[in-house]
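Trainee: Supplied structure: coords.tsv, TSV, C-alpha atoms and all ligand atoms.
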```
chain	number	residue	atom	x	y	z
W	1	MET	CA	14.90	-63.24	5.67
W	2	SER	CA	17.17	-60.42	4.66
W	3	LEU	CA	14.65	-57.61	4.34
W	4	TYR	CA	17.25	-55.27	5.77
W	5	TYR	CA	19.60	-55.88	2.82
W	6	VAL	CA	16.85	-55.72	0.20
W	7	GLN	CA	15.97	-52.31	1.56
W	8	LYS	CA	19.62	-51.31	1.85
W	9	LEU	CA	20.11	-52.12	-1.83
W	10	LEU	CA	17.11	-49.99	-2.82
W	11	TYR	CA	18.31	-47.20	-0.53
W	12	GLN	CA	21.68	-47.15	-2.31
W	13	LEU	CA	20.05	-47.29	-5.74
W	14	ASN	CA	17.76	-44.41	-4.87
W	15	ARG	CA	20.46	-42.15	-3.52
W	16	ASP	CA	23.51	-42.92	-5.64
W	17	ALA	CA	23.64	-42.33	-9.39
W	18	ALA	CA	26.81	-44.42	-9.78
W	19	THR	CA	25.17	-47.46	-8.16
W	20	ARG	CA	22.18	-46.93	-10.42
W	21	ALA	CA	24.37	-46.82	-13.51
W	22	GLN	CA	26.23	-49.97	-12.47
W	23	PHE	CA	22.93	-51.69	-11.72
W	24	THR	CA	21.62	-50.90	-15.21
W	25	GLU	CA	24.88	-52.01	-16.81
W	26	ASP	CA	25.52	-55.16	-14.79
W	27	MET	CA	22.85	-55.87	-12.20
W	28	ASP	CA	24.49	-58.98	-10.75
W	29	SER	CA	27.69	-57.13	-9.90
W	30	VAL	CA	25.65	-54.87	-7.63
W	31	LEU	CA	23.54	-57.69	-6.20
W	32	ALA	CA	26.71	-59.62	-5.29
W	33	GLY	CA	27.35	-57.05	-2.57
W	34	TYR	CA	24.21	-57.96	-0.63
W	35	ALA	CA	23.27	-61.13	1.26
W	36	LEU	CA	19.93	-61.93	-0.40
W	37	THR	CA	17.76	-65.05	-0.66
W	38	GLU	CA	16.77	-66.59	-4.01
W	39	GLU	CA	13.24	-65.26	-3.58
W	40	GLU	CA	14.53	-61.74	-2.97
W	41	LEU	CA	16.91	-61.92	-5.92
W	42	THR	CA	14.09	-63.06	-8.20
W	43	ALA	CA	11.81	-60.28	-6.96
W	44	ILE	CA	14.48	-57.66	-7.62
W	45	ARG	CA	15.53	-59.03	-11.03
W	46	MET	CA	12.06	-59.47	-12.58
W	47	PRO	CA	11.15	-57.03	-10.98
W	48	ASP	CA	8.21	-58.37	-8.97
W	49	ILE	CA	7.16	-55.15	-7.24
W	50	GLY	CA	4.22	-56.92	-5.60
W	51	LEU	CA	6.44	-59.57	-4.05
W	52	LEU	CA	8.89	-56.93	-2.79
W	53	TYR	CA	5.94	-55.23	-1.09
W	54	VAL	CA	4.81	-58.54	0.44
W	55	LEU	CA	8.37	-59.19	1.66
W	56	GLY	CA	8.01	-55.96	3.64
W	57	VAL	CA	9.92	-53.37	1.62
W	58	ASN	CA	8.90	-49.87	2.69
W	59	GLY	CA	6.95	-48.01	0.00
W	60	GLN	CA	9.20	-44.98	0.45
W	61	LEU	CA	11.99	-47.11	-1.00
W	62	LEU	CA	9.92	-49.29	-3.29
W	63	MET	CA	8.09	-46.52	-5.19
W	64	HIS	CA	11.41	-45.20	-6.50
W	65	TYR	CA	12.56	-48.66	-7.60
W	66	ALA	CA	9.23	-49.06	-9.42
W	67	ALA	CA	9.74	-45.65	-11.08
W	68	LEU	CA	13.29	-46.65	-12.06
W	69	LYS	CA	11.77	-49.74	-13.67
W	70	GLN	CA	9.36	-47.49	-15.62
W	71	PHE	CA	6.19	-48.24	-13.63
W	72	GLU	CA	3.57	-45.54	-13.94
W	73	TRP	CA	2.01	-44.52	-10.59
W	74	GLU	CA	-1.24	-46.49	-11.03
W	75	ASP	CA	0.70	-49.54	-12.25
W	76	TYR	CA	2.88	-49.36	-9.16
W	77	LEU	CA	-0.17	-49.32	-6.87
W	78	GLN	CA	-1.77	-52.18	-8.84
W	79	ALA	CA	1.43	-54.24	-8.68
W	80	MET	CA	1.29	-54.13	-4.87
W	81	ARG	CA	-2.37	-55.20	-4.86
W	82	ASP	CA	-1.56	-58.03	-7.27
W	83	GLY	CA	1.35	-59.03	-5.06
W	84	VAL	CA	-0.89	-59.40	-2.02
W	85	ALA	CA	-3.44	-61.38	-4.07
W	86	GLU	CA	-0.73	-63.71	-5.33
W	87	HIS	CA	1.64	-64.02	-2.38
W	88	GLY	CA	-0.57	-63.27	0.62
W	89	PRO	CA	-0.35	-60.54	3.27
W	90	VAL	CA	2.75	-58.48	3.97
W	91	ARG	CA	5.16	-60.69	5.92
W	92	ALA	CA	7.42	-58.23	7.71
W	93	GLY	CA	8.34	-54.60	8.15
W	94	ILE	CA	6.19	-51.62	9.00
W	95	TYR	CA	3.08	-52.75	7.08
W	96	ALA	CA	2.89	-55.97	9.09
W	97	MET	CA	2.04	-53.95	12.21
W	98	THR	CA	-1.63	-54.89	11.92
W	99	GLY	CA	-2.67	-58.17	10.33
W	100	GLU	CA	-4.31	-56.42	7.36
U	1	MET	CA	16.35	-12.62	18.01
U	2	PRO	CA	13.10	-14.27	19.02
U	3	MET	CA	11.93	-16.74	16.41
U	4	VAL	CA	9.99	-14.78	13.77
U	5	PHE	CA	7.71	-17.40	12.21
U	6	ALA	CA	6.46	-20.94	12.87
U	7	GLY	CA	4.32	-22.98	10.52
U	8	VAL	CA	3.53	-26.46	9.28
U	9	CYS	CA	2.69	-27.85	5.86
U	10	SER	CA	2.35	-31.00	3.80
U	11	HIS	CA	5.11	-32.32	1.55
U	12	ALA	CA	3.58	-35.22	-0.41
U	13	PRO	CA	5.43	-35.74	-3.71
U	14	GLY	CA	2.13	-35.88	-5.60
U	15	ILE	CA	1.58	-32.17	-4.87
U	16	THR	CA	4.22	-31.34	-7.47
U	17	GLY	CA	4.74	-34.68	-9.24
U	18	ARG	CA	1.08	-35.30	-10.02
U	19	ALA	CA	0.03	-31.62	-9.83
U	20	GLU	CA	-2.10	-31.61	-12.98
U	21	ARG	CA	-4.13	-34.58	-11.75
U	22	GLY	CA	-5.41	-32.88	-8.59
U	23	ASP	CA	-8.81	-31.20	-8.42
U	24	PRO	CA	-7.96	-27.73	-9.82
U	25	VAL	CA	-10.06	-25.83	-7.26
U	26	LEU	CA	-8.48	-27.63	-4.32
U	27	ARG	CA	-4.99	-27.42	-5.78
U	28	ASP	CA	-5.47	-23.70	-6.29
U	29	GLY	CA	-6.54	-23.33	-2.65
U	30	LEU	CA	-3.47	-25.27	-1.53
U	31	CYS	CA	-1.18	-23.10	-3.66
U	32	LYS	CA	-2.76	-19.98	-2.18
U	33	GLY	CA	-2.14	-21.38	1.30
U	34	PHE	CA	1.52	-21.98	0.46
U	35	GLU	CA	1.77	-18.50	-1.08
U	36	ARG	CA	0.32	-16.97	2.08
U	37	MET	CA	2.99	-18.77	4.07
U	38	ARG	CA	5.75	-17.71	1.67
U	39	GLN	CA	4.61	-14.10	2.07
U	40	ALA	CA	4.40	-14.41	5.87
U	41	ILE	CA	7.96	-15.75	6.02
U	42	GLU	CA	9.16	-12.91	3.80
U	43	ASP	CA	7.26	-10.32	5.87
U	44	SER	CA	8.75	-11.73	9.06
U	45	GLY	CA	12.20	-10.68	7.86
U	46	ALA	CA	13.48	-14.21	8.36
U	47	GLU	CA	17.16	-14.63	7.50
U	48	ALA	CA	17.15	-18.42	7.66
U	49	LEU	CA	14.54	-21.14	7.34
U	50	VAL	CA	14.70	-24.23	9.54
U	51	VAL	CA	12.72	-27.05	7.90
U	52	ILE	CA	11.76	-29.80	10.32
U	53	GLY	CA	11.18	-32.80	8.10
U	54	ALA	CA	10.51	-36.49	8.18
U	55	GLU	CA	12.71	-37.73	5.40
U	56	HIS	CA	12.12	-41.01	3.66
U	57	PHE	CA	15.40	-42.95	3.57
U	58	ALA	CA	17.27	-40.42	1.46
U	59	ASN	CA	20.09	-39.87	3.97
U	60	PHE	CA	19.22	-41.85	7.05
U	61	PHE	CA	18.80	-45.60	7.07
U	62	MET	CA	18.55	-48.42	9.58
U	63	ASN	CA	22.34	-48.83	9.57
U	64	ASN	CA	22.63	-45.74	11.76
U	65	MET	CA	19.32	-44.02	12.37
U	66	PRO	CA	19.32	-40.84	14.46
U	67	ALA	CA	16.23	-39.85	16.43
U	68	PHE	CA	17.05	-36.23	15.58
U	69	CYS	CA	19.51	-34.73	13.13
U	70	ILE	CA	20.30	-31.12	12.19
U	71	GLY	CA	22.13	-30.17	9.01
U	72	MET	CA	25.42	-28.25	9.22
U	73	GLY	CA	26.32	-28.11	5.54
U	74	GLU	CA	27.42	-25.12	3.48
U	75	THR	CA	25.14	-26.33	0.72
U	76	TYR	CA	22.68	-29.12	0.16
U	77	THR	CA	21.26	-30.62	-3.03
U	78	GLY	CA	17.85	-31.82	-4.02
U	79	PRO	CA	15.66	-33.39	-4.98
U	80	ILE	CA	17.29	-36.79	-4.58
U	81	GLU	CA	14.38	-38.25	-6.56
U	82	ASP	CA	14.10	-38.22	-10.34
U	83	ASP	CA	13.25	-34.58	-11.02
U	84	ALA	CA	10.65	-35.40	-13.67
U	85	TRP	CA	8.95	-37.77	-11.21
U	86	LEU	CA	8.81	-35.06	-8.54
U	87	GLY	CA	8.24	-32.12	-10.88
U	88	ILE	CA	11.01	-30.11	-9.21
U	89	LYS	CA	14.31	-29.36	-10.92
U	90	ARG	CA	17.49	-30.49	-9.20
U	91	THR	CA	19.32	-27.58	-7.59
U	92	ASP	CA	21.80	-26.53	-4.92
U	93	ILE	CA	20.39	-25.02	-1.75
U	94	LEU	CA	22.37	-22.64	0.41
U	95	GLY	CA	22.95	-23.66	4.01
U	96	SER	CA	24.14	-21.61	6.96
U	97	PRO	CA	26.85	-23.70	8.65
U	98	ASP	CA	27.78	-21.16	11.30
U	99	LEU	CA	24.18	-20.70	12.43
U	100	SER	CA	23.69	-24.47	12.27
U	101	LYS	CA	26.66	-25.02	14.52
U	102	ARG	CA	25.32	-22.58	17.12
U	103	LEU	CA	21.84	-24.11	17.02
U	104	ILE	CA	23.22	-27.65	17.34
U	105	THR	CA	25.52	-26.67	20.20
U	106	ASN	CA	22.64	-25.06	22.05
U	107	VAL	CA	20.11	-27.85	21.40
U	108	MET	CA	22.66	-30.42	22.61
U	109	ASN	CA	22.24	-29.08	26.13
U	110	GLU	CA	18.83	-30.75	26.16
U	111	ILE	CA	18.71	-33.25	23.30
U	112	ASP	CA	21.35	-35.65	21.93
U	113	VAL	CA	20.97	-34.48	18.37
U	114	ALA	CA	23.07	-35.85	15.52
U	115	TYR	CA	24.41	-33.48	12.89
U	116	ALA	CA	25.27	-33.85	9.22
U	117	GLU	CA	27.34	-31.76	6.82
U	118	GLU	CA	25.99	-33.74	3.86
U	119	TRP	CA	22.32	-33.94	3.07
U	120	GLN	CA	20.42	-34.65	-0.12
U	121	PHE	CA	16.93	-33.24	0.25
U	122	ASP	CA	14.05	-35.51	-0.73
U	123	HIS	CA	10.47	-34.46	-1.43
U	124	GLY	CA	9.97	-34.00	2.33
U	125	ILE	CA	11.98	-30.77	2.14
U	126	MET	CA	11.94	-29.97	-1.58
U	127	VAL	CA	8.14	-29.72	-1.91
U	128	PRO	CA	7.89	-27.11	0.89
U	129	LEU	CA	10.90	-25.17	-0.48
U	130	HIS	CA	9.43	-25.21	-3.98
U	131	PHE	CA	6.54	-23.14	-2.63
U	132	LEU	CA	8.13	-21.25	0.26
U	133	THR	CA	11.49	-20.19	-1.21
U	134	PRO	CA	10.90	-20.71	-4.93
U	135	ARG	CA	14.11	-18.86	-5.87
U	136	TYR	CA	16.14	-20.81	-3.26
U	137	ASP	CA	17.50	-17.51	-2.02
U	138	MET	CA	17.10	-18.07	1.72
U	139	PRO	CA	19.59	-20.18	3.70
U	140	VAL	CA	17.97	-23.42	4.80
U	141	ILE	CA	18.80	-25.59	7.81
U	142	PRO	CA	17.33	-29.08	7.51
U	143	VAL	CA	16.21	-30.99	10.56
U	144	ASN	CA	15.10	-34.60	10.60
U	145	ILE	CA	13.02	-36.57	13.05
U	146	ASN	CA	12.85	-40.35	12.59
U	147	CYS	CA	9.24	-40.94	11.54
U	148	GLN	CA	10.02	-43.84	9.19
U	149	GLY	CA	12.10	-46.64	10.68
U	150	PRO	CA	10.87	-47.97	14.06
U	151	PRO	CA	11.68	-47.61	16.88
U	152	LEU	CA	10.51	-44.07	16.12
U	153	THR	CA	11.31	-40.92	18.07
U	154	PRO	CA	8.76	-40.70	20.95
U	155	LEU	CA	6.21	-37.90	20.65
U	156	HIS	CA	7.15	-36.35	23.98
U	157	ARG	CA	10.77	-36.16	22.85
U	158	ALA	CA	9.68	-34.40	19.65
U	159	TRP	CA	7.95	-31.84	21.88
U	160	LYS	CA	11.07	-31.40	24.06
U	161	PHE	CA	13.17	-31.07	20.94
U	162	GLY	CA	10.87	-28.27	19.78
U	163	LYS	CA	11.36	-26.47	23.08
U	164	ALA	CA	15.13	-26.84	22.84
U	165	LEU	CA	15.10	-25.63	19.26
U	166	ARG	CA	13.13	-22.56	20.30
U	167	VAL	CA	15.63	-21.69	23.00
U	168	ALA	CA	18.47	-22.09	20.50
U	169	CYS	CA	16.73	-19.97	17.83
U	170	ASP	CA	15.88	-17.23	20.31
U	171	ALA	CA	19.52	-17.12	21.45
U	172	ALA	CA	20.81	-16.55	17.92
U	173	PRO	CA	21.10	-12.97	16.61
U	174	GLU	CA	19.53	-14.02	13.29
U	175	LYS	CA	15.82	-13.90	12.58
U	176	ILE	CA	14.74	-17.50	12.13
U	177	ALA	CA	11.58	-19.03	10.68
U	178	ILE	CA	10.71	-22.68	11.31
U	179	VAL	CA	8.42	-24.89	9.26
U	180	GLY	CA	7.48	-28.43	10.24
U	181	THR	CA	6.39	-30.69	7.43
U	182	GLY	CA	4.64	-34.03	7.40
U	183	GLY	CA	1.41	-35.99	7.78
U	184	ILE	CA	-1.28	-35.78	8.64
U	185	SER	CA	-3.13	-39.11	8.09
U	186	HIS	CA	-2.00	-40.88	4.94
U	187	TRP	CA	-0.92	-44.21	3.54
U	188	PRO	CA	1.72	-43.06	1.06
U	189	ALA	CA	3.30	-45.41	-1.46
U	190	THR	CA	1.10	-48.34	-0.39
U	191	PRO	CA	-1.97	-49.95	-2.01
U	192	ASP	CA	-4.02	-47.64	0.26
U	193	SER	CA	-2.43	-44.53	-1.27
U	194	GLY	CA	-5.14	-41.87	-1.53
U	195	LYS	CA	-6.91	-42.95	1.66
U	196	ILE	CA	-7.22	-39.99	4.05
U	197	ASN	CA	-8.91	-39.90	7.47
U	198	GLU	CA	-10.31	-36.37	7.37
U	199	GLU	CA	-12.02	-36.61	10.75
U	200	TRP	CA	-8.80	-37.71	12.42
U	201	ASP	CA	-6.89	-34.94	10.64
U	202	ARG	CA	-9.33	-32.23	11.72
U	203	ASN	CA	-9.24	-33.48	15.29
U	204	PHE	CA	-5.44	-33.46	15.23
U	205	LEU	CA	-5.36	-29.93	13.75
U	206	ASP	CA	-7.69	-28.75	16.49
U	207	ARG	CA	-5.29	-30.07	19.11
U	208	PHE	CA	-2.40	-28.53	17.20
U	209	VAL	CA	-3.68	-24.97	16.70
U	210	ASN	CA	-4.85	-24.85	20.31
U	211	ASN	CA	-1.48	-26.22	21.37
U	212	ARG	CA	-2.97	-28.81	23.70
U	213	ARG	CA	0.19	-30.55	24.76
U	214	ARG	CA	-1.35	-33.41	26.71
U	215	GLU	CA	-3.71	-34.30	23.87
U	216	LEU	CA	-1.01	-33.98	21.23
U	217	LEU	CA	1.25	-36.35	23.16
U	218	SER	CA	-1.45	-38.88	24.03
U	219	TYR	CA	-1.40	-40.80	20.73
U	220	THR	CA	0.21	-44.23	20.61
U	221	ASP	CA	1.95	-45.48	17.46
U	222	GLU	CA	-0.53	-48.38	17.25
U	223	GLU	CA	-3.40	-45.90	17.24
U	224	ILE	CA	-1.69	-43.64	14.70
U	225	TYR	CA	-0.98	-46.58	12.40
U	226	ARG	CA	-4.55	-47.84	12.65
U	227	GLU	CA	-6.29	-44.47	12.21
U	228	ALA	CA	-3.79	-42.39	10.27
U	229	GLY	CA	-1.52	-44.85	8.46
U	230	GLN	CA	2.25	-45.03	8.57
U	231	GLY	CA	2.30	-41.50	7.10
U	232	GLY	CA	0.62	-40.35	10.31
U	233	PHE	CA	3.87	-41.01	12.17
U	234	GLU	CA	5.05	-37.72	10.66
U	235	ILE	CA	2.91	-35.76	13.16
U	236	ARG	CA	6.18	-35.64	15.10
U	237	THR	CA	7.18	-32.65	12.97
U	238	PHE	CA	3.98	-30.76	13.89
U	239	ILE	CA	4.47	-31.67	17.54
U	240	THR	CA	7.98	-30.22	17.42
U	241	VAL	CA	6.56	-26.93	16.10
U	242	ALA	CA	3.91	-27.01	18.86
U	243	GLY	CA	6.68	-27.57	21.42
U	244	ALA	CA	8.63	-24.65	19.96
U	245	THR	CA	5.56	-22.42	20.37
U	246	GLU	CA	4.33	-23.77	23.69
U	247	GLY	CA	1.50	-21.64	25.08
U	248	ALA	CA	0.73	-20.00	21.74
U	249	THR	CA	-2.18	-20.76	19.45
U	250	GLY	CA	-2.35	-20.95	15.69
U	251	GLU	CA	-4.52	-21.00	12.63
U	252	VAL	CA	-5.22	-23.43	9.82
U	253	TRP	CA	-4.78	-21.59	6.52
U	254	PHE	CA	-5.71	-24.50	4.29
U	255	TYR	CA	-6.85	-28.07	4.74
U	256	ALA	CA	-8.43	-30.37	2.18
U	257	PRO	CA	-8.05	-34.06	1.42
U	258	ILE	CA	-6.72	-34.40	-2.14
U	259	PRO	CA	-6.58	-38.16	-2.81
U	260	ILE	CA	-4.34	-38.06	-5.91
U	261	PHE	CA	-1.78	-36.18	-3.76
U	262	ALA	CA	-2.24	-38.98	-1.21
U	263	VAL	CA	-2.67	-36.65	1.78
U	264	GLY	CA	-4.97	-34.16	3.49
U	265	CYS	CA	-3.11	-31.12	2.22
U	266	THR	CA	-2.38	-28.73	5.07
U	267	VAL	CA	-0.95	-25.27	5.60
U	268	ALA	CA	-1.12	-23.92	9.15
U	269	MET	CA	0.79	-21.54	11.39
U	270	MET	CA	1.45	-20.89	15.06
U	271	ASN	CA	1.78	-17.41	16.53
U	272	VAL	CA	5.28	-16.81	17.82
U	273	VAL	CA	4.78	-13.46	19.49
L	301	FE	FE	6.46	-37.88	4.25
```
Please express the file's structure as structure tokens.

Mentor:
Amino acid sequence: MSLYYVQKLLYQLNRDAATRAQFTEDMDSVLAGYALTEEELTAIRMPDIGLLYVLGVNGQLLMHYAALKQFEWEDYLQAMRDGVAEHGPVRAGIYAMTGE
Amino acid sequence: MPMVFAGVCSHAPGITGRAERGDPVLRDGLCKGFERMRQAIEDSGAEALVVIGAEHFANFFMNNMPAFCIGMGETYTGPIEDDAWLGIKRTDILGSPDLSKRLITNVMNEIDVAYAEEWQFDHGIMVPLHFLTPRYDMPVIPVNINCQGPPLTPLHRAWKFGKALRVACDAAPEKIAIVGTGGISHWPATPDSGKINEEWDRNFLDRFVNNRRRELLSYTDEEIYREAGQGGFEIRTFITVAGATEGATGEVWFYAPIPIFAVGCTVAMMNVV
């Protein structure tokens, strides 16, 4: 599990225009800077917003990544619901505090 | 000068970003509440606005997360978010570094506060400023309390921080207004976005405006998460304002759950004199 680095990547993307530009231009060159599992890399590349949510990414980071990837608000919310249906409950992070 | 104004308000990005989708009557009531607060701050003669926020990983992350941080920049920028998404144009916001430095120095006698000369405001500060200083003509001093990345700042420390902030503000020659912004119950940016526990909110507001310290500090994070969602952790900002106005009472100027804004929209104040 490298939830910390998935979130760190999204944090940098959200706050730094240069990282965002590089990510759009050559995603893998940005991803190379973070220790991520195959599952995490796939979720980021697709992007599989629902899986990122299930992996435990905080919505305060994830909603901006979804917006960057052109998800409308309702589609973003639905993607998380679909993610839980497909991959099961949230595995880590703040939303794993109760078993819901 | 003694602190001239203390208030609290919501900051959900939907308030501006999804403005046209909110119930028009409720949104109008919320805007009137914000306008009343803007006018009250202006009438107070405030020369600087301290915004006690609960930012959302715009500047502070789990690589080095302060329990409390106060801005000391000459200027700040915001919003950090896409401005079309938030519905607020990107702008520079004037700081007040000399006043910041004096506040930080004074607060440090009681609280180990971090400080920052760089700060990109997210919706947590930009939404309140959009309504309260729409021309961005009042110096702003941002304050952050960690309400996002556990372990979170304990509630009783948020209270103590409020007391220390009050002492520092009262010791400064400037007239200072403070506004705490956060909560109350909400599940922002999750599949439960739009869920609001109105009963819990009203109970919390009752404790807040009556400044019942013991009751305000009696919540556990487990209880807050269960009843008020992870967004409920932001009550720390209200508790800081209650600590800064210990012994005073206040008034709720507006409260209504507006699901598309994903929060029970709140504007309230505490009497400072
Ligand atoms: Fe918030």

Trainee: Could you tell me how far CA of Ile145 in chain U sits from CA of Trp200 in chain U, in Å to one decimal place?

Mentor: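 Computing it gives 21.9 Å between the two atoms.
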
Trainee: Please determine, counting all atoms listed in the file, which residue among W:Ile44, W:Val6, W:Ala79, W:Leu36 has the shortest atom-to-atom distance to chain U.

Mentor: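 Among the listed residues, the smallest separation from chain U belongs to W:Ala79.
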
Trainee: Near chain W, which residues of chain U fall within 10 Å when you count only C-alpha atoms, and what do they look like as a VMD selection string?

Mentor: chain U and resid 14 18 55 to 63 80 to 82 85 120 122 148 to 150 187 to 193 221 to 222 225 to 226 229 to 230

Trainee: I'd like the contact shell of Val90 in chain W - 9 Å cut-off, all atoms listed in the file, skipping same-chain residues fewer than 5 positions apart - returned as JSON, numbers by chain.

Mentor: {"W": [51, 53, 54, 55, 56, 84, 95, 96, 99, 100]}

Trainee: Please identify every polymer residue within 10 Å of ligand FE 301 (chain L), using all atoms listed in the file, and present the set as JSON, numbers by chain.

Mentor: {"W": [60], "U": [10, 11, 12, 13, 53, 54, 55, 56, 122, 123, 124, 125, 147, 148, 181, 182, 183, 184, 186, 187, 188, 189, 230, 231, 232, 233, 234, 235, 263]}

Trainee: Would you mind telling me which residue in U:Ala171, U:Met108, U:Ile260, U:Ser185 lies nearest to Arg202 in chain U when using all atoms listed in the file?

Mentor: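 Ranking U:Ala171, U:Met108, U:Ile260, U:Ser185 by distance to Arg202 in chain U, first place goes to U:Ser185.
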
Trainee: Go ahead and compute the interatomic distance for CA of Glu117 in chain U and CA of Tyr136 in chain U, in Å to one decimal.

Mentor: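 Separation between CA of Glu117 in chain U and CA of Tyr136 in chain U: 18.6 Å.
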
Trainee: Just the residues within 9 Å of Phe34 in chain U, please, counting only C-alpha atoms, with nothing from its chain fewer than 4 positions along; format it as a list in words.

Mentor: Cys9, Gly29, Leu30, Arg38, Gln39, Pro128, Phe131, Leu132, Trp253, Phe254 and Val267 of chain U

Trainee: What's around Asn109 in chain U at 10 Å? Count all atoms listed in the file, leave out sequence neighbours fewer than 4 positions away in its own chain, and write the answer as a PyMOL selection string.

Mentor: chain U and resi 104-105+113+164+168

Trainee: Quote the spacing between CA of Thr237 in chain U and CA of Leu155 in chain U in Å to one decimal place.

Mentor: 9.4 Å

Trainee: Around (8.5, -35.7, 18.0), as given in the file, which residues come within 10 Å? Count all atoms listed in the file and list them as an NGL selection string.

Mentor: :U and (67-68 or 144-147 or 152-162 or 217 or 233-243)

Trainee: For Met138 in chain U, list every protein, DNA or RNA residue within 12 Å, evaluated using all atoms listed in the file, and leave out those in the same chain fewer than 6 positions away; present the list as a PyMOL selection string.

Mentor: chain U and resi 38+41-42+45-51+75+92-96+129-130+132+175-177

Trainee: Skipping near chain neighbours, those fewer than 2 positions away, what residues fall within 8 Å of Tyr34 in chain W using only C-alpha atoms, listed as a PyMOL selection string?

Mentor: chain W and resi 5-6+9+30-32+36
